[in-house]
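Asks: Just passing along the structure, written as structure tokens.
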Amino acid sequence: HPYDSNTIIGFGKDIIETANGPVVGGIKIAMFDVSDVSKPVEKSKILLGSSGSYSEVLYNHRALLFSKDKDLFALPVMLYSGSGTGNRFSFQGAYVYSVNPSTGFVLRGTSTHLTQPEIDDSALKWYDTSKNVSRIIWSGSRLYTISDYGIKSHDLATMAEKGFMNPQKRPTLSDTGWGIAFLSSCCFKPGLKPCYPAHHIIPVPLYGIKSAYR
């Protein structure tokens with residue numbers, strides 16, 4: 001993903017060299033200086049989770065939220081931690097960063113729709129995967145993480161949690177700033193033909209909604 005004319009951000013998996021050969025590790029995100037395209041230089045990197053960790057960004061660019069003007073970079077992740085037989089599921093949700101070539105990736109905060117008991121019990125039984133965060137958007141001073149289960153809002157500057165809405169509870173549309181929009185894997189624009197079934201038409205804050213793809 002381009003950052004500017006001389007900088008790109010790459011996504012992939014970490015490779016760990018062991019005595020028995022290379023092993024695929026967690027998610028790797030790196031920033032490269034490509035002012036000389038024949039000799040790219042890695043300037044900064046982050047490693048998320050251990051073997052088995054995954055992000056939709058690895059194959060679908062629409063899952064990434066990036067705004068250079070807002071110094072905002074966010075992606076949904078499923079993380080494992082540990083090694084060998086001790087490798088366990090540890091997190092699903094969004095990781096949100098500030099990013100620029102001078103400071104690299106600086107974690108602002110995280111957002112998950114899971115409770116800690118759901119994460120703790122996942123070794124014995126799998127959790128409700130409708131709570132998997134799949135998209136992140138921002139509107140004004142708020143950042144929103146979206147799953148099939150609901151929408152969580154955060155203060156964009158501090159990542160403090162501000163609220164959660166479960167559309168199954170049928171919220172009223174008379175609340176100021178709320179309306180109907182179609183949320184899908186291909187768009188976040190109000191009023192477009194949905195790419196998901198009708199039950200994915202949910203109330204969202206419409207005024208000023210911004211996404212990486214508008």
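Ordered as shown in the structure tokens, chains take letters A, B, and onward, while each chain numbers its residues from 1 and ligands are numbered from 1 in the order shown.
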Run DSSP on the backbone and tell me which residues of range 2-174 of chain A come out as strand (DSSP E or B); list them as a VMD selection string.
Replies: chain A and resid 2 to 4 7 to 18 21 to 33 41 to 48 54 65 to 67 72 to 81 88 to 100 104 to 111 135 to 139 142 to 146 151 to 155 161 to 165
Asks: I want to know what sits within 6 Å of Tyr95 in chain A, based on only C-alpha atoms, with residues of the same chain fewer than 3 positions away left out; could you give that as JSON, numbers by chain?
Replies: {"A": [74, 75, 110]}
Asks: Just to be explicit: take each residue in the selection above, keep N, CA, C and O atoms, and write the result as a PDB file, in the first residue's frame.
Replies:
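Output file result-v6.pdb is given in full below:
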ATOM      1  N   ALA A  74      -5.449   1.246  10.337  1.00  0.00           N
ATOM      2  CA  ALA A  74      -6.117   0.241  11.169  1.00  0.00           C
ATOM      3  C   ALA A  74      -6.472  -0.982  10.329  1.00  0.00           C
ATOM      4  O   ALA A  74      -6.784  -0.873   9.135  1.00  0.00           O
ATOM      5  N   LEU A  75      -6.455  -2.135  10.970  1.00  0.00           N
ATOM      6  CA  LEU A  75      -6.777  -3.371  10.274  1.00  0.00           C
ATOM      7  C   LEU A  75      -7.379  -4.382  11.245  1.00  0.00           C
ATOM      8  O   LEU A  75      -7.073  -4.377  12.439  1.00  0.00           O
ATOM      9  N   THR A 110      -6.690  -0.788  20.632  1.00  0.00           N
ATOM     10  CA  THR A 110      -7.339  -1.934  19.996  1.00  0.00           C
ATOM     11  C   THR A 110      -8.838  -1.884  20.272  1.00  0.00           C
ATOM     12  O   THR A 110      -9.303  -1.168  21.162  1.00  0.00           O
TER      13      THR A 110
END
Asks: Rounded to one decimal place, report the CA of Asp120 in chain A-CA of Lys152 in chain A distance in Å.
Replies: 21.0 Å
Asks: Just the residues within 9 Å of range 47-54 of chain A, please, counting only C-alpha atoms, with nothing from its chain fewer than 4 positions along; format it as number ranges by chain.
Replies: A: 13-14, 23-30, 58, 76-84, 87-91
Asks: Would you please work out which residue, of A:Lys70, A:Gly21, A:Ser139, A:His113, is nearest to Met165 in chain A when using only C-alpha atoms?
Replies: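 Smallest separation from Met165 in chain A among the options: A:His113.
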Asks: Once DSSP has gone over the backbone, tell me which residues of range 21-188 of chain A are in alpha helix (DSSP H), as a ChimeraX atom specification.
Replies: /A:116-120
Asks: Could you jot down the CA of Ile8 in chain A to CA of Gly109 in chain A separation for me, Å, one decimal place?
Replies: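 Those two atoms sit 22.6 Å apart.
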Asks: Near Asp33 in chain A, counting only C-alpha atoms, which residues have an atom at most 6 Å away, once you skip same-chain residues fewer than 3 positions from it, shown as a PyMOL selection string?
Replies: chain A and resi 6-7+40-41
Asks: What would the file look like if the residues just selected were written as an mmCIF file, in the first residue's frame with N, CA, C and O atoms?
Replies:
data_model
loop_
_atom_site.group_PDB
_atom_site.id
_atom_site.type_symbol
_atom_site.label_atom_id
_atom_site.label_comp_id
_atom_site.auth_asym_id
_atom_site.auth_seq_id
_atom_site.Cartn_x
_atom_site.Cartn_y
_atom_site.Cartn_z
ATOM 1 N N ASN A 6 7.613 8.050 -1.988
ATOM 2 C CA ASN A 6 8.868 7.361 -1.661
ATOM 3 C C ASN A 6 8.704 6.245 -0.634
ATOM 4 O O ASN A 6 9.696 5.617 -0.239
ATOM 5 N N THR A 7 7.473 6.007 -0.186
ATOM 6 C CA THR A 7 7.260 5.074 0.919
ATOM 7 C C THR A 7 6.073 4.170 0.632
ATOM 8 O O THR A 7 5.014 4.640 0.200
ATOM 9 N N PRO A 40 15.056 -1.241 -2.194
ATOM 10 C CA PRO A 40 14.119 -0.870 -1.122
ATOM 11 C C PRO A 40 14.738 -1.106 0.250
ATOM 12 O O PRO A 40 15.468 -2.081 0.458
ATOM 13 N N VAL A 41 14.485 -0.186 1.176
ATOM 14 C CA VAL A 41 15.050 -0.263 2.526
ATOM 15 C C VAL A 41 13.914 -0.338 3.545
ATOM 16 O O VAL A 41 13.025 0.524 3.562
#
